[in-house]
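Q: One structure follows; several queries about it will come next.
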Amino acid sequence: MREIKRVAVLGSGVMGGAIAALLANCGVPCLMLDIVPPNLTDDDKKKKDKRNSFAAASKAALLKAKPSTIFNKGILDLIEIGNFEDDFPKIADCDWICEVVKEDLKIKKAVFDKVGQYRSPGSIVSTNTSGIPIKSMVGSMDDDMRKHFLGTHFFNPPRYLKLLEIIPGADTLPEVVKQMAEFGENVIGKGIVYAKDTPNFVANRILTFTMQYILYEMLKAGLTFEEVDALTGPVIGHASSATFRTGDLVGMDTFVHVVGNVYNGCPDDERRDLMVPPDFVKKMIEKGYFGDKSGSGFFKKTSERDEKGKSIIHSLDPNTLEYKPQVKPRFDCIGAAKKAGAVEEKIKIMHMGEDKGAQFVWKLFANMAVYSANRIPEIADDIVNIDNSLKWGFAWEKGVFEVWDILGFKCVCDRMEADGLKLPAIAVAMKKAGAESFYKDSPKGQMYFDLASKGYKLVQQDPNVIRLDIVKQNKKVVKENSDASLMDIGDGILCAEFHCKMNAIGADLIAILSEGVRLVNEGQFDGMVVGNQGPHFSAGANLMIILADIKQNNWEGVRKMIGGFQSANMAMRYCRGPVVSAPHHFTLGGGIEVSQHCSKAVIASETYGGLVEAGVGLIPAGGGTKEMLRRSLAFAPECVAESTPFPYLRRAFESIAMAKVSTSGPELVDLGYFTENDLICVNWDQQIKRAKDVCRGLVVAGYNPPKPAVLTALGEPARAVFRAALYNLKSGGFASEHDATIAMKVANVLTGGDRMPGTKMSEQDVLDLEAEAFLSLCGMEKSQDRIQNMLMTGKPLRN
């Protein structure tokens, strides 16, 4: 099979542009084509920019999309644009041709006819249809194209939603499916679900039923749209957009079309009677209440504002089709679930309660679970593909069969039968086999109950994935405490895993890092990975402990905390073996500092990080300011003390003083927190394995720790430049007096304190300046107010 090095994206609409952006984010050059705009003047028909204007507008829109579809602006250089009339022959140079035009079979077939004229033999061709049968598109394709044709269904937005459904056609070669899956997992970071060629495939088939069931059941239960969303959102582990906010995002005109796919294409579906929109939904379509695209759907944003300045949202009354103010949902089950910790506890409370809300959630789950189970093997061969499709396609924390296990297999079966529901074939088979859960753990990994064999099979594991929970189950823990663990992940490599609340950095976590370094220094292990598979890498230092010490005037305690953190980070930096960090998602403050002191970082592409201490009235004092200075001076010429230093330090100063946070892993490099020598990992599931491989590779290459850095103090001339910039910011109202105070503390550390320009400094000299600045800010009331506000509201205070 030919390697996929270049991709053609045919269609530059919202989804086409987003897929092109995804490819470019991952370093894959692509050609994005669209039609020549109709009704061009004769003069404009001769102009290339006019003929390419649809594709050009889509590419330009990527810069403005919210949330952003791109990692940084530079990736746009990898997207070449053109039009169907002039540039179609260019697809001959593409290894994968992905069609993303309108969901209209006639249009798609016309595009594929043209693809057949220009594609190179052996190139993969796919459709991004969300529900049109694959078999209906292959009519005029030649033999080679049929063998290389399949469905590749991305979910919008593809940067953030992990799911990629792969749907082989009747003639698709197995090696084509395998290559597309490997490319999806390893190159563009997708989670692969193998779907059958049935209407709406896997995730949308389940969602179609779920949405339709809710639309009918809510009317019977007398629930409002806002009440249903409160019951079906994060409180049960689903996305914050829940049910009807998602409906407004998708567009009800689109959804009705998707429902029609099932009604018309699945005559044997046992719940086909539900696959007709309720009357009030039909009337919504007639009135143009499509959702966000029309400005009104289940919800409507008004011009009014509340006391916090937020737009007031009204909710549709399904009986009158008039909008009215929302009433805050109040259910006992929600109140109880919000007090629970883990999502598993929330799920139990929400499904097993006695109030109206919990009764609705139970009925919804029971019917959805039966329907999902009955789709095996119609839409997918096993429960794993169905569960993954729901988690990856809709950002659910747990799949339907995982929820069934949480609630108890036997308990759910008994209650279903008591409610008059017929148990699905897989549940009957499990009861007969004496199985007690859909999933179970084994020393080899997670297993699932397979309907076809009536027994358990291993969940297929990506060889590039290390699951830390399985490592723990296999008794590979070397040392642990309440905040962190050290575990042996094989080949002489340790992993320091954080597992406390938000992975806030405290004494116990630092102790584990220090112990890991000791074990490597003593030769018991060759290297160490610092990473975890929790929701976030680290939210930074434990502010509650810091504030408690401040309030008790325990300045020695604060000083010891700073010194301990600095020492642990410096020990990692000069460890005899390599230490590789694996930052992901929220990596803030101290989390960045830990990572910066490692030999190398393997950064998840979805990492939102920065040195944000200024937001709580402080500066980085775990070595972060020192590292920003060291990295900045590494780019400066040796005569920097005699030249204008501002260009070399400006990025570091701005990133720290303005508490800049990245919107992606690559942007962490742009902001100066990491370097181009660090690696980006687009598939977060593979991050720990990639970090381990990097660590092992450094060992094999003969790793030696770096020599202690010799830094240059830039002194008062450099500080004067920063001071002038801050004066302008204050004068323009862009910075408060306390913002400027914090910023000057940053400037003082970056310029070497009161040292003369050109004076040489050790890293410890800069660490001492960090500690001094941190302690002085801790003593200021406005900094204490910022810390207090962050702890109480989770938001920074500008004072």
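All residue names refer to the structure tokens as shown: chains lettered A, B, ... in order, residues numbered from 1 in each chain, ligands numbered from 1 in order.
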With a distance cut-off of 9 Å and only C-alpha atoms, select the neighbouring residues of Leu714 (chain A), excluding the residue or stretch itself and same-chain residues fewer than 2 positions from it, and output the selection as a short mmCIF file (atom, residue, chain, number, x, y, z; two decimals) with all heavy atoms, in the first residue's frame.
A:
data_model
loop_
_atom_site.label_atom_id
_atom_site.label_comp_id
_atom_site.auth_asym_id
_atom_site.auth_seq_id
_atom_site.Cartn_x
_atom_site.Cartn_y
_atom_site.Cartn_z
N VAL A 640 25.04 39.98 23.60
CA VAL A 640 23.73 40.50 23.97
C VAL A 640 23.81 41.59 25.04
O VAL A 640 23.02 42.51 25.06
CB VAL A 640 22.81 39.35 24.44
CG1 VAL A 640 23.30 38.77 25.74
CG2 VAL A 640 21.38 39.84 24.59
N ALA A 641 24.79 41.49 25.96
CA ALA A 641 24.90 42.49 27.03
C ALA A 641 25.21 43.87 26.47
O ALA A 641 24.95 44.88 27.11
CB ALA A 641 25.98 42.08 28.02
N PRO A 645 18.58 43.97 24.41
CA PRO A 645 18.19 42.62 24.77
C PRO A 645 16.69 42.35 24.61
O PRO A 645 16.26 41.21 24.65
CB PRO A 645 18.57 42.53 26.25
CG PRO A 645 18.37 43.94 26.73
CD PRO A 645 18.76 44.83 25.58
N THR A 712 23.42 35.37 31.74
CA THR A 712 23.93 36.74 31.76
C THR A 712 22.87 37.69 32.30
O THR A 712 21.73 37.69 31.83
CB THR A 712 24.33 37.18 30.34
OG1 THR A 712 25.30 36.28 29.82
CG2 THR A 712 24.90 38.59 30.36
N GLU A 716 19.69 46.93 34.57
CA GLU A 716 18.76 48.06 34.52
C GLU A 716 18.40 48.50 33.10
O GLU A 716 17.24 48.86 32.85
CB GLU A 716 19.32 49.23 35.32
CG GLU A 716 18.47 50.50 35.31
CD GLU A 716 17.04 50.26 35.78
OE1 GLU A 716 16.83 49.36 36.62
OE2 GLU A 716 16.13 50.96 35.28
N PRO A 717 19.32 48.50 32.13
CA PRO A 717 18.92 48.92 30.78
C PRO A 717 17.76 48.09 30.23
O PRO A 717 16.84 48.64 29.61
CB PRO A 717 20.20 48.72 29.96
CG PRO A 717 21.30 48.88 30.95
CD PRO A 717 20.78 48.27 32.21
N ALA A 718 17.80 46.80 30.46
CA ALA A 718 16.71 45.94 29.99
C ALA A 718 15.44 46.21 30.79
O ALA A 718 14.33 46.26 30.24
CB ALA A 718 17.11 44.48 30.10
N ARG A 719 15.60 46.36 32.11
CA ARG A 719 14.42 46.64 32.95
C ARG A 719 13.73 47.92 32.52
O ARG A 719 12.52 48.04 32.59
CB ARG A 719 14.83 46.72 34.42
CG ARG A 719 14.60 45.43 35.18
CD ARG A 719 14.61 45.59 36.68
NE ARG A 719 15.75 46.32 37.20
CZ ARG A 719 16.97 45.82 37.34
NH1 ARG A 719 17.21 44.58 36.99
NH2 ARG A 719 17.96 46.56 37.84
N LEU A 750 14.06 38.30 35.36
CA LEU A 750 14.59 38.05 34.02
C LEU A 750 15.85 38.86 33.72
O LEU A 750 16.67 38.45 32.89
CB LEU A 750 13.52 38.37 32.97
CG LEU A 750 12.31 37.43 32.89
CD1 LEU A 750 11.29 37.96 31.90
CD2 LEU A 750 12.74 36.02 32.49
N THR A 751 16.01 40.00 34.38
CA THR A 751 17.18 40.86 34.10
C THR A 751 18.29 40.72 35.13
O THR A 751 19.29 41.44 35.07
CB THR A 751 16.74 42.34 34.01
OG1 THR A 751 16.09 42.71 35.23
CG2 THR A 751 15.80 42.56 32.84
N GLY A 752 18.11 39.81 36.09
CA GLY A 752 19.19 39.53 37.02
C GLY A 752 19.21 40.37 38.27
O GLY A 752 20.25 40.49 38.94
N GLY A 753 18.07 40.97 38.63
CA GLY A 753 18.02 41.75 39.87
C GLY A 753 18.89 42.99 39.77
O GLY A 753 18.92 43.69 38.75
N ARG A 755 22.07 43.18 39.65
CA ARG A 755 23.39 42.93 39.09
C ARG A 755 23.68 43.87 37.91
O ARG A 755 22.78 44.29 37.19
CB ARG A 755 23.52 41.48 38.62
CG ARG A 755 23.53 40.47 39.77
CD ARG A 755 23.46 39.03 39.23
NE ARG A 755 23.60 38.06 40.30
CZ ARG A 755 22.60 37.67 41.09
NH1 ARG A 755 21.40 38.20 40.93
NH2 ARG A 755 22.81 36.78 42.04
N MET A 756 24.95 44.15 37.71
CA MET A 756 25.38 44.98 36.59
C MET A 756 25.18 44.21 35.28
O MET A 756 25.34 42.98 35.24
CB MET A 756 26.85 45.36 36.75
CG MET A 756 27.13 46.28 37.93
SD MET A 756 26.37 47.92 37.68
CE MET A 756 27.41 48.53 36.35
N PRO A 757 24.86 44.93 34.20
CA PRO A 757 24.73 44.27 32.90
C PRO A 757 26.00 43.50 32.54
O PRO A 757 27.12 43.98 32.74
CB PRO A 757 24.50 45.43 31.93
CG PRO A 757 23.91 46.51 32.77
CD PRO A 757 24.55 46.38 34.11
N GLY A 758 25.82 42.28 32.05
CA GLY A 758 26.95 41.45 31.66
C GLY A 758 27.45 40.53 32.75
O GLY A 758 28.27 39.64 32.49
N THR A 759 26.96 40.70 33.99
CA THR A 759 27.38 39.83 35.10
C THR A 759 26.89 38.40 34.85
O THR A 759 25.75 38.18 34.44
CB THR A 759 26.80 40.33 36.44
OG1 THR A 759 27.21 41.68 36.64
CG2 THR A 759 27.27 39.46 37.60
#
Q: What does the distance from CA of Met368 (chain A) to CA of Ile313 (chain A) come to in Å, to one decimal?
A: 29.5 Å
Q: Contacts of region 260-265 of chain A at 12 Å or less, counting only C-alpha atoms, minus same-chain residues fewer than 5 places along, as an MDAnalysis selection string?
A: chainID A and resid 103 129:133 197:202 204:209 212 253:255 270:277 379
Q: Here is a test: counting only C-alpha atoms, which residue of A:Ser68, A:Ser315, A:Asn503, A:Ser599 is nearest to Arg245 (chain A)?
A: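 Once distances to Arg245 (chain A) are computed over only C-alpha atoms, the minimum belongs to A:Ser315.
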Q: Env of Pro583 (chain A): 8 Å cut, atoms = only C-alpha atoms, seq-sep filter 3 positions within chain, self excluded. Answer as a ChimeraX atom specification.
A: /A:531,537,587,591-592,595,601-604,607
Q: Give me, please, the distance in Å between CA of Glu378 (chain A) and CA of Glu175 (chain A), quoted to one decimal.
A: 22.9 Å
Q: What is the distance between CA of Ala230 (chain A) and CA of Gly251 (chain A), in Å to one decimal?
A: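 Atom-to-atom, CA of Ala230 (chain A) to CA of Gly251 (chain A), that is 20.0 Å.
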Q: Just want the 10 Å neighbourhood of Ala24 (chain A), counted on only C-alpha atoms, with same-chain residues fewer than 5 positions away dropped. Output as a VMD selection string.
A: chain A and resid 7 18 to 19 29 to 30 70 to 71 74 to 79 188
Q: When distances are computed from only C-alpha atoms, which of A:Ser453, A:His351, A:Val669, A:Asp87 shows the smallest separation from Cys411 (chain A)?
A: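 Nearest to Cys411 (chain A): A:His351.
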Q: Can you work out which one of A:Val478, A:Val28, A:Ala369, A:Ala771 has the shortest atom-to-atom distance to Ile386 (chain A), counting only C-alpha atoms?
A: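 The answer is A:Ala369, which sits nearest to Ile386 (chain A).
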Q: Which residues, written as a list in words, have at least one atom at most 10 Å from Lys795 (chain A), with only C-alpha atoms counted and residues fewer than 6 positions away on the same chain left out?
A: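 Here the qualifying residues turn out to be Gly615, Val616, Arg786, Ile787 and Asn789 of chain A.
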Q: Residues of the last selection are to be written out with N, CA and C atoms, as a tab-separated table (two decimals), in the first residue's frame.
A:
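To be explicit, this is the file written out as result_32.tsv:
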chain	number	residue	atom	x	y	z
A	615	GLY	N	-2.00	35.56	37.25
A	615	GLY	CA	-3.44	35.62	37.46
A	615	GLY	C	-3.84	35.45	38.90
A	616	VAL	N	-2.95	34.87	39.72
A	616	VAL	CA	-3.22	34.75	41.15
A	616	VAL	C	-2.26	35.62	41.95
A	786	ARG	N	-6.31	37.80	45.06
A	786	ARG	CA	-6.36	37.04	43.81
A	786	ARG	C	-6.37	35.53	44.07
A	787	ILE	N	-5.54	35.11	45.00
A	787	ILE	CA	-5.51	33.68	45.35
A	787	ILE	C	-6.86	33.25	45.90
A	789	ASN	N	-9.81	34.58	45.44
A	789	ASN	CA	-10.85	34.59	44.41
A	789	ASN	C	-10.74	33.36	43.51
Q: Using DSSP on the backbone coordinates, identify the residues of region 299-462 of chain A assigned to alpha helix (DSSP H); present them as a PyMOL selection string.
A: chain A and resi 332-339+343-352+356-373+383-394+400-407+409-418+425-433
